[in-house]
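A.B. asks: Enclosed is the structure file coords.cif (mmCIF, C-alpha atoms).
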data_model
#
loop_
_atom_site.group_PDB
_atom_site.id
_atom_site.type_symbol
_atom_site.label_atom_id
_atom_site.label_comp_id
_atom_site.auth_asym_id
_atom_site.auth_seq_id
_atom_site.Cartn_x
_atom_site.Cartn_y
_atom_site.Cartn_z
ATOM 1 C CA MET A 165 8.732 -14.606 -1.395
ATOM 2 C CA LEU A 166 6.575 -11.531 -0.750
ATOM 3 C CA GLU A 167 7.465 -8.245 -2.424
ATOM 4 C CA GLY A 168 5.883 -4.861 -3.041
ATOM 5 C CA ARG A 169 2.697 -3.831 -1.240
ATOM 6 C CA GLU A 170 2.189 -7.104 0.653
ATOM 7 C CA ALA A 171 5.757 -7.175 1.956
ATOM 8 C CA HIS A 172 5.483 -3.527 3.033
ATOM 9 C CA HIS A 173 2.235 -4.269 4.873
ATOM 10 C CA LEU A 174 3.756 -7.250 6.674
ATOM 11 C CA ILE A 175 6.942 -5.404 7.676
ATOM 12 C CA HIS A 176 5.750 -1.869 8.454
ATOM 13 C CA VAL A 177 2.071 -2.266 9.382
ATOM 14 C CA LEU A 178 1.900 -5.678 11.058
ATOM 15 C CA ARG A 179 5.478 -5.336 12.384
ATOM 16 C CA ALA A 180 6.176 -8.996 11.667
ATOM 17 C CA ALA A 181 9.450 -10.535 12.798
ATOM 18 C CA ALA A 182 11.197 -13.793 11.977
ATOM 19 C CA GLY A 183 9.058 -16.663 13.234
ATOM 20 C CA THR A 184 5.764 -14.763 13.030
ATOM 21 C CA SER A 185 2.878 -16.966 11.831
ATOM 22 C CA VAL A 186 0.845 -15.627 8.919
ATOM 23 C CA GLU A 187 -2.049 -16.709 6.721
ATOM 24 C CA LEU A 188 -2.004 -16.342 2.932
ATOM 25 C CA ILE A 189 -4.824 -16.196 0.385
ATOM 26 C CA ASP A 190 -4.682 -16.279 -3.401
ATOM 27 C CA GLY A 191 -8.062 -14.612 -3.914
ATOM 28 C CA LYS A 192 -9.456 -17.748 -5.564
ATOM 29 C CA GLY A 193 -10.463 -19.684 -2.458
ATOM 30 C CA ARG A 194 -7.253 -21.207 -1.114
ATOM 31 C CA LEU A 195 -5.845 -20.473 2.347
ATOM 32 C CA TRP A 196 -2.308 -21.300 3.504
ATOM 33 C CA SER A 197 -0.372 -21.013 6.744
ATOM 34 C CA ALA A 198 3.285 -19.965 6.836
ATOM 35 C CA ARG A 199 5.991 -18.419 9.030
ATOM 36 C CA VAL A 200 8.215 -15.443 8.365
ATOM 37 C CA GLY A 201 11.670 -16.820 7.682
ATOM 38 C CA GLU A 202 13.687 -13.739 6.741
ATOM 39 C CA LEU A 203 13.056 -10.017 6.239
ATOM 40 C CA SER A 204 15.365 -8.240 3.835
ATOM 41 C CA GLY A 205 14.680 -4.645 2.795
ATOM 42 C CA SER A 206 11.379 -4.758 0.936
ATOM 43 C CA ARG A 207 11.211 -8.548 0.660
ATOM 44 C CA VAL A 208 9.918 -11.211 3.025
ATOM 45 C CA ARG A 209 10.781 -14.884 2.685
ATOM 46 C CA LEU A 210 8.113 -17.226 4.022
ATOM 47 C CA VAL A 211 8.818 -20.784 5.145
ATOM 48 C CA GLY A 212 6.723 -23.760 6.183
ATOM 49 C CA VAL A 213 3.992 -22.938 3.697
ATOM 50 C CA SER A 214 1.128 -25.435 3.874
ATOM 51 C CA LEU A 215 -2.406 -25.474 2.470
ATOM 52 C CA LEU A 216 -5.064 -25.114 5.174
ATOM 53 C CA SER A 217 -8.256 -25.149 3.145
ATOM 54 C CA GLU A 218 -9.741 -24.710 -0.285
ATOM 55 C CA ALA A 219 -13.130 -23.022 -0.402
ATOM 56 C CA ALA A 220 -15.902 -24.692 -2.345
ATOM 57 C CA GLU A 221 -17.706 -22.630 -4.954
ATOM 58 C CA ALA A 222 -20.510 -20.589 -3.389
ATOM 59 C CA GLU A 223 -23.909 -22.266 -3.717
ATOM 60 C CA VAL A 224 -25.485 -18.873 -4.402
ATOM 61 C CA ARG A 225 -23.646 -16.361 -6.574
ATOM 62 C CA MET A 226 -24.432 -12.722 -5.731
ATOM 63 C CA THR A 227 -23.732 -9.940 -8.202
ATOM 64 C CA LEU A 228 -23.888 -6.284 -7.200
ATOM 65 C CA VAL A 229 -24.674 -3.745 -9.921
ATOM 66 C CA GLN A 230 -23.611 -0.466 -8.310
ATOM 67 C CA ALA A 231 -23.869 3.037 -9.736
ATOM 68 C CA LEU A 232 -20.780 5.167 -9.215
ATOM 69 C CA CYS A 233 -21.019 7.405 -6.162
ATOM 70 C CA LYS A 234 -18.749 9.524 -3.954
ATOM 71 C CA SER A 235 -15.410 7.960 -3.072
ATOM 72 C CA ASP A 236 -16.046 7.395 0.645
ATOM 73 C CA ARG A 237 -19.423 5.787 -0.049
ATOM 74 C CA LEU A 238 -18.048 3.529 -2.773
ATOM 75 C CA THR A 239 -15.227 2.449 -0.466
ATOM 76 C CA TRP A 240 -17.799 1.450 2.160
ATOM 77 C CA ILE A 241 -19.845 -0.465 -0.444
ATOM 78 C CA LEU A 242 -16.820 -2.380 -1.743
ATOM 79 C CA GLN A 243 -15.768 -3.319 1.780
ATOM 80 C CA LYS A 244 -19.222 -4.501 2.868
ATOM 81 C CA ALA A 245 -19.853 -6.355 -0.393
ATOM 82 C CA THR A 246 -16.657 -8.305 0.218
ATOM 83 C CA GLU A 247 -17.627 -9.095 3.813
ATOM 84 C CA LEU A 248 -21.107 -10.233 2.727
ATOM 85 C CA GLU A 249 -19.732 -12.637 0.086
ATOM 86 C CA VAL A 250 -20.735 -10.810 -3.081
ATOM 87 C CA SER A 251 -19.066 -12.620 -5.992
ATOM 88 C CA GLU A 252 -19.071 -9.942 -8.708
ATOM 89 C CA ILE A 253 -19.407 -6.162 -8.819
ATOM 90 C CA HIS A 254 -20.443 -4.311 -11.978
ATOM 91 C CA LEU A 255 -20.014 -0.541 -11.782
ATOM 92 C CA VAL A 256 -22.447 1.684 -13.669
ATOM 93 C CA GLN A 257 -21.777 5.214 -14.884
ATOM 94 C CA GLY A 258 -25.257 6.427 -13.921
ATOM 95 C CA ARG A 259 -26.785 9.528 -15.468
ATOM 96 C CA ARG A 260 -27.121 11.040 -11.987
ATOM 97 C CA SER A 261 -23.804 9.806 -10.617
ATOM 98 C CA VAL A 262 -21.938 12.744 -9.096
ATOM 99 C CA VAL A 263 -18.659 10.996 -9.961
ATOM 100 C CA ARG A 264 -17.500 10.654 -13.568
ATOM 101 C CA VAL A 265 -14.526 8.455 -14.433
ATOM 102 C CA SER A 266 -12.661 9.490 -17.567
ATOM 103 C CA GLN A 267 -10.843 6.955 -19.750
ATOM 104 C CA ASP A 268 -7.400 8.212 -18.721
ATOM 105 C CA ARG A 269 -8.191 7.740 -15.008
ATOM 106 C CA ARG A 270 -9.956 4.397 -15.308
ATOM 107 C CA ARG A 271 -6.932 2.149 -14.822
ATOM 108 C CA ALA A 272 -5.755 3.989 -11.681
ATOM 109 C CA LYS A 273 -9.275 3.980 -10.241
ATOM 110 C CA LEU A 274 -9.701 0.257 -10.874
ATOM 111 C CA GLU A 275 -6.367 -0.484 -9.220
ATOM 112 C CA ARG A 276 -7.388 1.503 -6.146
ATOM 113 C CA TRP A 277 -10.819 -0.142 -5.941
ATOM 114 C CA ARG A 278 -9.319 -3.622 -6.298
ATOM 115 C CA THR A 279 -6.866 -2.826 -3.510
ATOM 116 C CA ILE A 280 -9.851 -1.979 -1.305
ATOM 117 C CA LEU A 281 -11.378 -5.381 -2.126
ATOM 118 C CA VAL A 282 -8.127 -7.209 -1.327
ATOM 119 C CA ASN A 283 -7.727 -5.382 1.986
ATOM 120 C CA ALA A 284 -11.347 -6.096 2.910
ATOM 121 C CA ALA A 285 -10.907 -9.800 2.099
ATOM 122 C CA LYS A 286 -7.833 -9.983 4.336
ATOM 123 C CA GLN A 287 -9.625 -8.139 7.131
ATOM 124 C CA CYS A 288 -12.605 -10.529 7.171
ATOM 125 C CA ARG A 289 -10.480 -13.623 6.370
ATOM 126 C CA ARG A 290 -12.264 -14.289 3.105
ATOM 127 C CA SER A 291 -10.193 -16.441 0.744
ATOM 128 C CA THR A 292 -11.893 -15.215 -2.440
ATOM 129 C CA ILE A 293 -11.992 -11.665 -3.815
ATOM 130 C CA PRO A 294 -14.994 -10.269 -5.717
ATOM 131 C CA VAL A 295 -14.493 -9.800 -9.450
ATOM 132 C CA LEU A 296 -14.700 -6.077 -10.210
ATOM 133 C CA TYR A 297 -15.685 -4.801 -13.655
ATOM 134 C CA PRO A 298 -14.893 -1.284 -14.945
ATOM 135 C CA PRO A 299 -17.654 1.346 -15.103
ATOM 136 C CA LEU A 300 -19.985 1.025 -18.095
ATOM 137 C CA GLU A 301 -23.230 2.599 -19.206
ATOM 138 C CA CYS A 302 -26.468 1.110 -17.914
ATOM 139 C CA ARG A 303 -27.399 -0.767 -21.086
ATOM 140 C CA GLU A 304 -23.926 -2.306 -21.421
ATOM 141 C CA VAL A 305 -24.049 -3.613 -17.858
ATOM 142 C CA CYS A 306 -27.549 -5.036 -18.348
ATOM 143 C CA GLU A 307 -26.271 -6.971 -21.360
ATOM 144 C CA ALA A 308 -23.304 -8.318 -19.377
ATOM 145 C CA VAL A 309 -25.093 -9.469 -16.213
ATOM 146 C CA GLU A 310 -26.350 -13.055 -16.260
ATOM 147 C CA SER A 311 -28.259 -14.202 -13.158
ATOM 148 C CA ASP A 312 -31.298 -16.357 -12.448
ATOM 149 C CA LEU A 313 -32.880 -13.540 -10.444
ATOM 150 C CA LYS A 314 -32.303 -9.858 -11.278
ATOM 151 C CA LEU A 315 -33.462 -7.154 -8.888
ATOM 152 C CA LEU A 316 -33.692 -3.390 -9.271
ATOM 153 C CA LEU A 317 -33.867 -1.425 -6.023
ATOM 154 C CA GLN A 318 -36.421 1.250 -6.751
ATOM 155 C CA GLU A 319 -38.939 3.476 -5.020
ATOM 156 C CA SER A 320 -41.964 2.828 -7.207
ATOM 157 C CA HIS A 321 -45.539 1.625 -7.046
ATOM 158 C CA ARG A 322 -44.350 -1.289 -9.195
ATOM 159 C CA ALA A 323 -41.788 -2.377 -6.607
ATOM 160 C CA VAL A 324 -42.550 -5.329 -4.352
ATOM 161 C CA SER A 325 -41.030 -6.051 -0.963
ATOM 162 C CA LEU A 326 -37.664 -7.790 -1.287
ATOM 163 C CA LYS A 327 -38.365 -9.820 1.847
ATOM 164 C CA GLN A 328 -41.723 -10.938 0.464
ATOM 165 C CA LEU A 329 -40.210 -11.894 -2.895
ATOM 166 C CA LEU A 330 -37.478 -14.014 -1.327
ATOM 167 C CA ARG A 331 -39.552 -15.790 1.311
ATOM 168 C CA GLY A 332 -39.432 -19.559 0.885
ATOM 169 C CA ARG A 333 -37.731 -19.466 -2.512
ATOM 170 C CA SER A 334 -34.185 -19.976 -3.786
ATOM 171 C CA TRP A 335 -32.068 -19.165 -6.857
ATOM 172 C CA PRO A 336 -28.545 -20.309 -7.829
ATOM 173 C CA SER A 337 -27.576 -16.734 -8.719
ATOM 174 C CA VAL A 338 -28.969 -13.277 -8.036
ATOM 175 C CA ALA A 339 -28.026 -9.783 -9.211
ATOM 176 C CA PHE A 340 -29.204 -6.575 -7.546
ATOM 177 C CA ALA A 341 -28.854 -3.033 -8.870
ATOM 178 C CA VAL A 342 -28.357 -0.021 -6.580
ATOM 179 C CA GLY A 343 -28.599 3.529 -7.901
ATOM 180 C CA PRO A 344 -26.451 6.626 -7.233
ATOM 181 C CA GLU A 345 -27.188 9.389 -4.717
ATOM 182 C CA GLY A 346 -29.761 10.943 -7.062
ATOM 183 C CA GLY A 347 -31.363 7.626 -8.004
ATOM 184 C CA TRP A 348 -31.827 6.013 -11.414
ATOM 185 C CA THR A 349 -33.416 8.037 -14.215
ATOM 186 C CA ASP A 350 -36.718 6.839 -15.696
ATOM 187 C CA GLU A 351 -34.848 5.762 -18.821
ATOM 188 C CA GLU A 352 -32.357 3.700 -16.804
ATOM 189 C CA CYS A 353 -35.185 2.053 -14.855
ATOM 190 C CA GLU A 354 -36.867 1.050 -18.103
ATOM 191 C CA THR A 355 -33.584 -0.351 -19.403
ATOM 192 C CA PHE A 356 -33.248 -2.535 -16.318
ATOM 193 C CA LEU A 357 -36.873 -3.700 -16.432
ATOM 194 C CA GLN A 358 -36.686 -4.534 -20.134
ATOM 195 C CA SER A 359 -33.517 -6.554 -19.389
ATOM 196 C CA GLY A 360 -35.325 -8.849 -16.957
ATOM 197 C CA PHE A 361 -34.812 -6.993 -13.669
ATOM 198 C CA GLN A 362 -37.706 -6.879 -11.173
ATOM 199 C CA ALA A 363 -38.378 -3.721 -9.155
ATOM 200 C CA VAL A 364 -38.067 -4.304 -5.394
ATOM 201 C CA GLN A 365 -37.958 -2.069 -2.334
ATOM 202 C CA LEU A 366 -36.404 -2.440 1.102
ATOM 203 C CA GLY A 367 -39.083 -0.501 2.975
ATOM 204 C CA HIS A 368 -40.768 2.873 3.039
ATOM 205 C CA SER A 369 -37.681 4.881 4.029
ATOM 206 C CA THR A 370 -35.339 6.431 1.475
ATOM 207 C CA LEU A 371 -31.908 4.887 2.009
ATOM 208 C CA ARG A 372 -28.499 6.224 1.045
ATOM 209 C CA THR A 373 -26.855 4.286 -1.759
ATOM 210 C CA GLU A 374 -24.286 2.685 0.582
ATOM 211 C CA THR A 375 -27.018 1.726 3.068
ATOM 212 C CA ALA A 376 -29.219 0.214 0.357
ATOM 213 C CA ALA A 377 -26.360 -1.845 -1.085
ATOM 214 C CA THR A 378 -25.374 -3.200 2.335
ATOM 215 C CA VAL A 379 -28.910 -3.956 3.497
ATOM 216 C CA ALA A 380 -29.824 -5.683 0.231
ATOM 217 C CA ALA A 381 -26.671 -7.829 0.277
ATOM 218 C CA ALA A 382 -27.270 -8.786 3.904
ATOM 219 C CA LEU A 383 -30.912 -9.730 3.257
ATOM 220 C CA LEU A 384 -30.011 -11.807 0.215
ATOM 221 C CA ARG A 385 -27.241 -13.573 2.111
ATOM 222 C CA HIS A 386 -29.562 -14.293 5.041
ATOM 223 C CA GLU A 387 -32.441 -15.583 2.918
ATOM 224 C CA LEU A 388 -30.590 -17.472 0.172
ATOM 225 C CA PHE A 389 -27.350 -18.837 1.625
ATOM 226 C CA PRO A 390 -27.647 -22.338 3.134
ATOM 227 C CA GLY A 391 -27.157 -22.464 6.896
ATOM 228 C CA ASN A 392 -28.108 -18.828 7.558
#
Can the structure from this file be put into structure tokens for me?
C.D. replies:
Amino acid sequence: MLEGREAHHLIHVLRAAAGTSVELIDGKGRLWSARVGELSGSRVRLVGVSLLSEAAEAEVRMTLVQALCKSDRLTWILQKATELEVSEIHLVQGRRSVVRVSQDRRRAKLERWRTILVNAAKQCRRSTIPVLYPPLECREVCEAVESDLKLLLQESHRAVSLKQLLRGRSWPSVAFAVGPEGGWTDEECETFLQSGFQAVQLGHSTLRTETAATVAAALLRHELFPGN
């Protein structure tokens, strides 16, 4: 039985009728097929539910460490991270983030962001949904992230080419940190570097935060995921 937001989407957005075939995900890797049996008010009864597949755990686990940014840009980042198979997303309340999330708004914001992830997963037919963590300060996030390879996107003489770093090598897990519109502060950069992150760059151009996050995720997926 579907109720609430998912039932509303099926009835009023997809205009499903009795007999319509649908696919279901649980966000943890399982995919089912079913048919609409009965629509009643704000409820949909599904029949003929059968398991189609169960996704194996990803061979490479990608973690995005993303500084808070403007709403439309963060929406884009969450959508593309889902499409590109990012496993976890840690949000950072950067010193130069133009968006500040107060404690009393945190729960509502998280609910909205997680809805974006769910919708993106359905759109790209991904059966898992990235784990999203609430915004924390830089040092707290650095302490929480555990990956075999940790990367800090940075415009610096210390930064090496991401493509060059990845060439011919592999890691079971990788985390990459993307700054806000104004970039990371020197103090934040030092915090990342002291926590085991390596400074990397995507090229000589200055990229918007949403562009950098998408390009980095795509490059990591291309270089590290088997079969790409």
A.B. asks: Would you pick out the contacts of region 270-273 of chain A at 10 Å or less, using only C-alpha atoms, so that residues sharing its chain but fewer than 6 positions from it are not included, and give the list as an NGL selection string?
C.D. replies: :A and (264 or 279 or 298-299)
A.B. asks: What separation in Å, quoted to one decimal, exists between CA of Leu366 (chain A) and CA of Phe389 (chain A)?
C.D. replies: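 Separation of CA of Leu366 (chain A) and CA of Phe389 (chain A): 18.7 Å.
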A.B. asks: Could you write out as number ranges by chain the residues that the PyMOL selection byres ((chain A and resi 347) around 12) matches in the shown file?
C.D. replies: A: 230-233, 258-262, 316-320, 341-346, 348-353, 370-373, 376
A.B. asks: Carefully work through the PyMOL selection byres ((chain A and resi 283) around 12) for this structure and note down the residues it includes, as a count of residues only.
C.D. replies: 29
A.B. asks: Quick one: apply the PyMOL selection byres ((chain A and resi 208) around 7) to the file and drop the selected residues here as a list of chain:residue names.
C.D. replies: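 Written out, the selection comes to A:Met165, A:Leu166, A:Glu167, A:Ala171, A:Glu202, A:Leu203, A:Ser204, A:Ser206, A:Arg207, A:Arg209, A:Leu210.
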A.B. asks: Give me, as a list in words, all polymer residues having an atom no more than 12 Å from Gln362 (chain A), counting all atoms listed in the file and skipping those fewer than 4 positions away in the same chain.
C.D. replies: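 Residues meeting the cut-off are Asp312, Leu313, Lys314, Leu315, Leu316, Leu317, Gln318, Ser320, Arg322, Ala323, Val324, Ser325, Leu326, Leu329, Val338, Ala339, Phe340, Ala341, Cys353, Glu354, Thr355, Phe356, Leu357 and Gln358 of chain A.
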A.B. asks: To one decimal in Å, tell me the separation between CA of Val295 (chain A) and CA of Thr227 (chain A).
C.D. replies: 9.3 Å
